[in-house]
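Listing of final-v5.cif, mmCIF, C-alpha atoms and all ligand atoms
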data_structure
#
loop_
_atom_site.label_atom_id
_atom_site.label_comp_id
_atom_site.auth_asym_id
_atom_site.auth_seq_id
_atom_site.Cartn_x
_atom_site.Cartn_y
_atom_site.Cartn_z
CA MET X 1 26.85 -4.99 -11.89
CA SER X 2 23.90 -2.72 -11.64
CA ALA X 3 20.54 -3.95 -10.33
CA THR X 4 17.44 -4.56 -12.39
CA ILE X 5 15.10 -1.65 -11.74
CA ILE X 6 11.64 -3.07 -11.04
CA ASP X 7 9.09 -0.98 -12.91
CA GLY X 8 6.19 -0.49 -10.49
CA LYS X 9 4.49 2.01 -12.73
CA LEU X 10 4.28 -0.46 -15.59
CA LEU X 11 3.13 -3.37 -13.42
CA ALA X 12 0.52 -1.10 -11.80
CA GLU X 13 -0.80 -0.14 -15.24
CA THR X 14 -1.06 -3.81 -16.21
CA ILE X 15 -2.96 -4.63 -13.03
CA ARG X 16 -5.30 -1.66 -13.35
CA GLN X 17 -6.07 -2.76 -16.90
CA ARG X 18 -6.80 -6.32 -15.75
CA VAL X 19 -9.02 -5.04 -12.95
CA ALA X 20 -10.91 -2.85 -15.42
CA ASP X 21 -11.34 -5.76 -17.86
CA GLU X 22 -12.60 -8.10 -15.13
CA ALA X 23 -15.12 -5.55 -13.86
CA LYS X 24 -16.41 -5.11 -17.38
CA ARG X 25 -16.60 -8.86 -17.98
CA LEU X 26 -18.55 -9.31 -14.74
CA GLY X 27 -20.85 -6.40 -15.57
CA ILE X 28 -20.02 -4.65 -12.31
CA THR X 29 -19.35 -0.95 -11.72
CA PRO X 30 -17.41 -0.89 -8.45
CA GLY X 31 -17.85 2.25 -6.36
CA LEU X 32 -14.97 3.70 -4.32
CA THR X 33 -15.44 6.59 -1.92
CA VAL X 34 -12.50 8.47 -0.50
CA VAL X 35 -12.90 10.64 2.58
CA ILE X 36 -10.31 13.30 3.34
CA VAL X 37 -10.30 15.51 6.40
CA GLY X 38 -8.25 18.70 6.35
CA GLU X 39 -5.94 20.30 3.83
CA ASP X 40 -2.62 18.40 3.86
CA PRO X 41 -1.29 19.21 0.35
CA ALA X 42 0.50 15.85 -0.11
CA SER X 43 -2.74 14.06 0.71
CA GLN X 44 -4.64 16.22 -1.77
CA VAL X 45 -2.38 15.18 -4.67
CA TYR X 46 -2.62 11.55 -3.68
CA VAL X 47 -6.42 11.68 -3.41
CA ARG X 48 -6.69 13.37 -6.80
CA ASN X 49 -4.57 10.61 -8.44
CA LYS X 50 -6.69 7.94 -6.82
CA VAL X 51 -9.96 9.41 -8.02
CA LYS X 52 -8.54 9.88 -11.55
CA GLN X 53 -7.37 6.25 -11.78
CA THR X 54 -10.62 5.01 -10.28
CA GLU X 55 -12.56 6.66 -13.08
CA ALA X 56 -10.07 5.54 -15.74
CA ALA X 57 -10.79 1.94 -14.67
CA GLY X 58 -14.51 2.51 -15.28
CA PHE X 59 -15.25 2.53 -11.55
CA HIS X 60 -17.50 5.04 -9.88
CA GLY X 61 -15.33 7.32 -7.76
CA SER X 62 -16.51 9.87 -5.24
CA GLU X 63 -14.79 12.11 -2.80
CA HIS X 64 -15.83 13.74 0.48
CA ARG X 65 -13.68 16.61 1.64
CA LEU X 66 -14.33 17.67 5.20
CA PRO X 67 -12.74 20.68 6.93
CA GLU X 68 -9.93 20.14 9.44
CA SER X 69 -12.36 21.22 12.20
CA THR X 70 -14.81 18.36 11.48
CA SER X 71 -15.79 16.59 14.69
CA GLU X 72 -15.15 12.89 15.22
CA ALA X 73 -18.90 12.35 15.58
CA ASN X 74 -19.54 13.93 12.18
CA LEU X 75 -16.92 11.80 10.49
CA LEU X 76 -18.34 8.65 12.09
CA LYS X 77 -21.82 9.65 10.88
CA LEU X 78 -20.52 10.00 7.31
CA VAL X 79 -18.84 6.59 7.52
CA GLN X 80 -22.13 5.03 8.70
CA THR X 81 -24.00 6.66 5.82
CA LEU X 82 -21.45 5.21 3.37
CA ASN X 83 -21.70 1.80 5.09
CA ASN X 84 -25.44 1.85 4.34
CA ASP X 85 -25.13 3.05 0.72
CA PRO X 86 -25.29 0.03 -1.63
CA SER X 87 -23.60 1.96 -4.48
CA VAL X 88 -20.48 2.34 -2.31
CA HIS X 89 -18.42 -0.86 -2.33
CA GLY X 90 -15.19 0.56 -0.93
CA ILE X 91 -14.53 3.23 1.69
CA LEU X 92 -11.11 4.78 2.24
CA VAL X 93 -10.61 7.34 4.98
CA GLN X 94 -7.33 9.04 4.26
CA LEU X 95 -4.77 8.90 7.08
CA PRO X 96 -3.38 10.65 9.03
CA LEU X 97 -6.44 12.29 10.57
CA PRO X 98 -6.37 15.49 12.65
CA ASP X 99 -5.32 14.96 16.29
CA HIS X 100 -8.83 15.35 17.73
CA ILE X 101 -10.04 12.28 15.79
CA ASP X 102 -9.22 8.72 16.91
CA PRO X 103 -8.15 6.85 13.75
CA ASP X 104 -8.73 3.40 15.34
CA LEU X 105 -12.33 4.30 16.14
CA VAL X 106 -12.88 5.52 12.58
CA ILE X 107 -11.36 2.36 11.11
CA ARG X 108 -13.49 0.15 13.39
CA THR X 109 -16.61 1.99 12.23
CA ILE X 110 -16.03 1.13 8.55
CA ASP X 111 -17.96 -1.96 7.46
CA PRO X 112 -15.20 -4.63 7.18
CA ALA X 113 -16.71 -5.71 3.85
CA LYS X 114 -16.08 -2.19 2.50
CA ASP X 115 -12.69 -1.67 4.19
CA VAL X 116 -10.60 -1.57 1.00
CA ASP X 117 -7.54 -0.42 2.99
CA GLY X 118 -7.72 -3.71 4.90
CA PHE X 119 -7.08 -1.83 8.17
CA HIS X 120 -10.14 -3.03 10.15
CA PRO X 121 -9.17 -5.48 12.94
CA ILE X 122 -11.51 -8.05 11.35
CA ASN X 123 -9.48 -7.92 8.13
CA ALA X 124 -6.15 -7.82 9.98
CA GLY X 125 -7.29 -10.88 11.95
CA LYS X 126 -8.43 -12.75 8.86
CA LEU X 127 -5.07 -12.08 7.22
CA ALA X 128 -3.26 -13.36 10.33
CA VAL X 129 -5.21 -16.64 10.32
CA GLY X 130 -5.08 -17.07 6.55
CA GLN X 131 -8.73 -16.40 5.71
CA ASP X 132 -9.85 -14.59 2.58
CA SER X 133 -10.06 -10.87 3.39
CA LEU X 134 -9.39 -7.39 2.13
CA VAL X 135 -5.58 -7.23 2.32
CA PRO X 136 -3.79 -3.88 2.81
CA CYS X 137 -2.85 -2.41 -0.57
CA THR X 138 0.81 -1.48 -0.11
CA PRO X 139 1.76 -4.92 1.28
CA GLN X 140 -0.08 -6.62 -1.59
CA GLY X 141 1.86 -4.39 -4.00
CA CYS X 142 5.16 -5.37 -2.34
CA ILE X 143 4.45 -9.07 -2.88
CA LEU X 144 3.46 -8.58 -6.53
CA LEU X 145 6.67 -6.60 -7.13
CA ALA X 146 8.82 -9.24 -5.40
CA LYS X 147 7.18 -11.93 -7.53
CA THR X 148 8.34 -10.25 -10.74
CA VAL X 149 11.83 -11.33 -9.64
CA HIS X 150 11.00 -14.49 -7.65
CA PRO X 151 7.77 -16.05 -8.97
CA ASP X 152 8.04 -18.46 -6.03
CA LEU X 153 9.05 -16.93 -2.69
CA THR X 154 9.29 -20.30 -0.93
CA GLY X 155 12.27 -20.57 1.39
CA LEU X 156 13.65 -17.11 0.67
CA ASN X 157 15.16 -15.27 3.62
CA ALA X 158 12.96 -12.21 3.80
CA VAL X 159 13.62 -9.31 6.14
CA VAL X 160 10.89 -6.76 6.72
CA LEU X 161 12.29 -3.53 8.09
CA GLY X 162 9.39 -1.89 9.95
CA ARG X 163 6.53 -3.22 12.08
CA SER X 164 3.62 -0.87 11.42
CA ASN X 165 0.06 -2.14 11.26
CA ILE X 166 -0.37 -0.73 7.76
CA VAL X 167 2.80 -2.09 6.11
CA GLY X 168 5.35 -4.05 8.16
CA LYS X 169 3.03 -6.48 9.94
CA PRO X 170 0.80 -7.30 6.95
CA VAL X 171 3.83 -7.67 4.62
CA ALA X 172 5.28 -10.16 7.11
CA GLN X 173 1.96 -12.08 7.20
CA LEU X 174 1.82 -12.27 3.42
CA LEU X 175 5.44 -13.44 3.19
CA ILE X 176 4.77 -16.18 5.75
CA GLN X 177 1.80 -17.25 3.64
CA GLU X 178 4.17 -17.41 0.64
CA SER X 179 6.42 -19.78 2.62
CA ALA X 180 9.31 -17.33 2.96
CA THR X 181 11.41 -17.34 6.14
CA VAL X 182 10.51 -14.02 7.67
CA THR X 183 12.40 -11.75 10.06
CA VAL X 184 10.77 -8.52 11.20
CA ALA X 185 13.39 -5.92 12.11
CA HIS X 186 12.82 -2.41 13.45
CA SER X 187 14.42 0.54 15.21
CA LYS X 188 15.10 -1.50 18.37
CA THR X 189 16.67 -4.46 16.53
CA GLN X 190 20.28 -5.15 17.50
CA ASP X 191 22.82 -5.06 14.68
CA LEU X 192 20.11 -3.85 12.34
CA SER X 193 22.33 -3.50 9.28
CA ASP X 194 23.71 -7.05 9.73
CA VAL X 195 20.21 -8.49 10.01
CA CYS X 196 19.20 -6.72 6.80
CA ALA X 197 22.37 -7.89 5.06
CA ARG X 198 21.23 -11.51 5.49
CA ALA X 199 18.09 -10.90 3.42
CA ASP X 200 17.52 -12.35 -0.03
CA LEU X 201 14.43 -10.15 -0.05
CA LEU X 202 14.51 -6.88 1.88
CA VAL X 203 11.33 -4.86 2.32
CA ALA X 204 12.11 -1.43 3.73
CA ALA X 205 9.14 0.25 5.40
CA VAL X 206 10.41 2.45 8.20
CA GLY X 207 9.74 5.94 6.86
CA ARG X 208 13.34 7.11 7.33
CA ALA X 209 14.81 8.75 4.25
CA GLU X 210 17.69 6.72 2.74
CA LEU X 211 18.34 4.80 5.98
CA VAL X 212 19.33 1.61 4.16
CA LYS X 213 22.89 1.89 2.84
CA ARG X 214 24.94 -0.23 0.48
CA HIS X 215 26.44 -2.40 3.25
CA TRP X 216 22.93 -3.26 4.57
CA ILE X 217 22.25 -5.20 1.37
CA LYS X 218 23.34 -8.72 0.48
CA PRO X 219 24.91 -8.80 -3.00
CA GLY X 220 22.23 -9.79 -5.50
CA ALA X 221 19.32 -9.29 -3.06
CA THR X 222 15.91 -8.01 -4.10
CA VAL X 223 15.03 -4.71 -2.43
CA ILE X 224 11.47 -3.41 -2.18
CA ASP X 225 11.46 0.21 -1.01
CA VAL X 226 8.16 1.28 0.56
CA GLY X 227 9.38 4.67 1.80
CA ILE X 228 8.00 7.85 0.33
CA ASN X 229 9.93 10.65 2.03
CA ARG X 230 9.88 14.22 0.84
CA VAL X 231 13.29 15.86 1.34
CA ALA X 232 14.66 19.29 0.45
CA ASP X 233 16.74 19.14 -2.75
CA GLY X 234 18.86 22.16 -1.74
CA LEU X 235 17.42 24.25 -4.57
CA GLY X 236 14.38 25.38 -2.63
CA LYS X 237 12.27 22.51 -3.87
CA SER X 238 11.64 19.00 -2.61
CA ARG X 239 12.09 15.56 -4.07
CA LEU X 240 10.87 12.10 -3.12
CA VAL X 241 13.29 9.52 -1.76
CA GLY X 242 12.70 6.06 -0.37
CA ASP X 243 13.96 4.37 2.80
CA VAL X 244 16.87 3.04 0.73
CA ALA X 245 19.85 5.07 -0.54
CA PHE X 246 18.96 4.13 -4.10
CA ASN X 247 22.10 5.17 -5.99
CA GLU X 248 24.47 3.11 -3.85
CA ALA X 249 21.97 0.28 -3.29
CA LYS X 250 21.51 -0.32 -7.00
CA GLU X 251 25.24 -1.08 -7.30
CA ILE X 252 24.91 -4.12 -5.05
CA ALA X 253 21.29 -5.30 -5.18
CA GLY X 254 20.10 -7.77 -7.80
CA ALA X 255 16.81 -5.93 -8.26
CA ILE X 256 15.34 -2.83 -6.66
CA THR X 257 12.20 -0.72 -6.78
CA PRO X 258 12.67 3.01 -7.45
CA VAL X 259 10.94 5.89 -5.63
CA PRO X 260 8.85 7.27 -7.22
CA GLY X 261 7.63 4.64 -9.67
CA GLY X 262 7.89 1.56 -7.45
CA VAL X 263 5.56 0.63 -4.62
CA GLY X 264 3.45 3.84 -4.74
CA PRO X 265 1.65 3.14 -8.04
CA MET X 266 1.09 -0.48 -6.95
CA THR X 267 -0.76 0.74 -3.85
CA ILE X 268 -3.37 2.42 -6.01
CA ALA X 269 -3.64 -0.56 -8.40
CA CYS X 270 -4.25 -2.87 -5.42
CA LEU X 271 -6.81 -0.44 -4.03
CA LEU X 272 -8.78 -0.84 -7.26
CA ALA X 273 -8.38 -4.64 -7.07
CA ASN X 274 -9.73 -4.57 -3.50
CA THR X 275 -12.66 -2.39 -4.56
CA LEU X 276 -13.55 -4.89 -7.31
CA LYS X 277 -13.31 -7.70 -4.75
CA ALA X 278 -15.65 -5.87 -2.36
CA ALA X 279 -18.08 -5.19 -5.21
CA CYS X 280 -18.04 -8.86 -6.27
CA TRP X 281 -18.81 -9.93 -2.70
CA ALA X 282 -21.67 -7.42 -2.49
CA GLU X 283 -23.13 -8.73 -5.75
CA GLY X 284 -22.62 -12.40 -4.88
CA LYS X 285 -20.13 -12.97 -7.71
CA PRO X 286 -16.81 -14.80 -7.48
CA ALA X 287 -13.98 -12.31 -6.99
CA PRO X 288 -11.04 -12.51 -9.43
CA THR X 289 -7.45 -12.52 -8.11
CA PHE X 290 -4.53 -10.62 -9.62
N1 LIG L 301 -6.28 5.33 4.37
C1 LIG L 301 -5.12 5.49 3.69
N2 LIG L 301 -4.73 4.57 2.80
C2 LIG L 301 -3.57 4.72 2.09
O1 LIG L 301 -3.20 3.85 1.26
C3 LIG L 301 -2.80 5.92 2.29
C4 LIG L 301 -3.27 6.86 3.23
N3 LIG L 301 -4.42 6.62 3.92
N4 LIG L 301 -2.60 8.00 3.46
C5 LIG L 301 -1.44 8.37 2.67
C6 LIG L 301 -0.68 7.15 2.23
C7 LIG L 301 0.28 7.43 1.10
N5 LIG L 301 -0.16 6.61 0.00
C8 LIG L 301 0.38 6.67 -1.29
C9 LIG L 301 -0.07 5.87 -2.31
C10 LIG L 301 0.43 5.99 -3.59
C11 LIG L 301 1.41 6.89 -3.88
C12 LIG L 301 1.94 6.99 -5.25
O2 LIG L 301 1.33 6.56 -6.21
N6 LIG L 301 3.13 7.59 -5.45
C13 LIG L 301 3.71 7.75 -6.76
C14 LIG L 301 3.82 9.19 -7.15
C15 LIG L 301 4.47 10.04 -6.10
C16 LIG L 301 4.59 11.51 -6.47
O3 LIG L 301 5.23 11.82 -7.47
O4 LIG L 301 4.04 12.34 -5.69
C17 LIG L 301 5.05 7.02 -6.80
O5 LIG L 301 5.57 6.65 -5.75
O6 LIG L 301 5.56 6.83 -7.90
C18 LIG L 301 1.90 7.69 -2.86
C19 LIG L 301 1.38 7.57 -1.58
C20 LIG L 301 -1.26 5.91 0.37
N7 LIG L 301 -1.61 6.17 1.62
#
Write the structure described by the file as structure tokens, please.
Amino acid sequence: MSATIIDGKLLAETIRQRVADEAKRLGITPGLTVVIVGEDPASQVYVRNKVKQTEAAGFHGSEHRLPESTSEANLLKLVQTLNNDPSVHGILVQLPLPDHIDPDLVIRTIDPAKDVDGFHPINAGKLAVGQDSLVPCTPQGCILLAKTVHPDLTGLNAVVLGRSNIVGKPVAQLLIQESATVTVAHSKTQDLSDVCARADLLVAAVGRAELVKRHWIKPGATVIDVGINRVADGLGKSRLVGDVAFNEAKEIAGAITPVPGGVGPMTIACLLANTLKAACWAEGKPAPTF
């Protein structure tokens, strides 16, 4: 038996279309501003895709590219200017930042109402206590993908592999909210593969290329692969692989997300959904859910 391949690209397209339709219906043009510091080529591609899809949804997209040498003070000043600009509903400062800039300070400077990444401690706290907030995009995407297989996640044994603030922790919070039974496993977990093999739903978010092997997966389980790792293909080029050894995993899983074409496109779709939400709040309109 070979697993169902969950089509993240298709679901992301559907969500982006719904977001665009809702914005139009509400008569709102959401504005998303992306700030990128330095010249990391992978980041550049990602930022370009984001801006393209922002505009395709009828949103107003803008981009600030600052040199690697930009001071922390200058970046903070730009963030404050964007906080005070009513045409900007969402602000995303691309991570990672150069070493001389404190990412936590930058995140704390973003107006929580414009923090479409959902990284501000105010938004992380609201998520933890179950209040309406801007929820991190990748975790939201993971839940939407899991729900294509299990419309109701109640009572499922979910294992989240990874405990980062941007993926692992918020995914775990969302799964708790969905009434799943949640285990958070990580590099220090004992018998890591056995813990994962008990999961009906396994979310892999550790950033280690193809760490999760066939025997880590319960037969029939749903596997959501958050990893986006660039590895050499041996022919002088590189290819993207997830945190899961896809070819062997698909022989045992019930359903699995591919890389590329799984979680990645959903991250951008959820970013647009968050930007619409922020714009609705700013304009005093009820925010749609997706
Ligand atoms: N403040 C901040 N917020 C982020 O959300 C954020 C960030 N910084 N820094 C970088 C990471 C990375 N990230 C991706 C999102 C989508 C794809 C994506 O759409 N990938 C496609 C195409 C991949 C390709 O072919 O290059 C896919 O997986 O199918 C990839 C990577 C968001 N990040």
- [ ] Could the residues that lie within 7 Å of ligand LIG 301 (chain L), counting all atoms listed in the file, be listed as a list of chain:residue names?
- [x] X:Lys9, X:Ser43, X:Tyr46, X:Leu92, X:Val93, X:Gln94, X:Leu95, X:Pro96, X:Asp117, X:Cys137, X:Thr138, X:Ile228, X:Val259, X:Pro260, X:Gly261, X:Gly262, X:Val263, X:Gly264, X:Pro265, X:Thr267, X:Ile268
Open item on the list: So the first atom is atom CA of Arg214 of chain X and the second is atom CA of Asp243 of chain X; what is the distance between them in Å, to one decimal place?
Closed with: 12.1 Å
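Atom pair atom CA of Phe246 of chain X / atom CA of Gly234 of chain X has a distance of 18.2 Å (rounded to one decimal).
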Open item on the list: Can you tell me which residues surround Gln140 of chain X at a distance of at most 8 Å, considering only C-alpha atoms, apart from same-chain residues fewer than 3 positions away, and format the answer as a ChimeraX atom specification?
Closed with: /X:135-137,143-144,171,174,267,270
Open item on the list: Taking all atoms listed in the file into account, name the residue in X:His64, X:Ala180, X:Leu32, X:Asn247 that is nearest to Lys50 of chain X.
Closed with: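 Closest to Lys50 of chain X of all the choices is X:Leu32.
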Task: Counting all atoms listed in the file, the option among X:Gln80, X:Pro139, X:Pro170, X:Thr33 closest to Pro121 of chain X - done: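 Of the candidates, the smallest distance to Pro121 of chain X is held by X:Pro170.
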- [ ] Using all atoms listed in the file, pick whichever of X:Arg208, X:Arg25, X:Lys77, X:Arg48 has the shortest atom-to-atom distance to Gly227 of chain X.
- [x] X:Arg208
Task: Nearest residue to Val203 of chain X from the set X:Val129, X:Ala282, X:Val167, X:Ile122 (distances using only C-alpha atoms) - done: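 With only C-alpha atoms as the atom set, the closest residue is X:Val167.
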- [ ] Go ahead and find all residues with at least one atom no further than 12 Å from (25.1, -3.0, 3.8) in the file's coordinates, using all atoms listed in the file; report them as a ChimeraX atom specification.
- [x] /X:191-199,202,211-221,223,244-245,248-253
TODO: Rank X:Glu210, X:Asp99, X:Asp132, X:Glu72 by their smallest atom-to-atom distance to Ala113 of chain X, using all atoms listed in the file, and report the top residue only.
DONE: X:Asp132
- [ ] Could you check how far atom CA of Phe119 of chain X sits from atom CA of Asp104 of chain X, in Å to one decimal?
- [x] 9.0 Å
TODO: Compile the contact shell of Arg163 of chain X as a VMD selection string: residues with an atom at most 10 Å away, counting only C-alpha atoms, same-chain residues fewer than 6 positions apart removed.
DONE: chain X and resid 169 to 172 184 to 187 205 to 206
TODO: List the residues sitting within 9 Å of (-18.7, 1.0, -4.4) in the file's frame, using only C-alpha atoms, as number ranges by chain.
DONE: X: 29-33, 59-61, 85-91, 114, 275-276, 278-279
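Considering all atoms listed in the file, the residue among X:Leu75, X:Leu66, X:Ile166, X:Leu97 positioned nearest to Gly118 of chain X is X:Ile166.
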Task: Long-range neighbours of Pro98 of chain X as a PyMOL selection string, 8 Å cut-off, all atoms listed in the file, 2 positions minimum in chain - done: chain X and resi 37-38+68+96+100-101
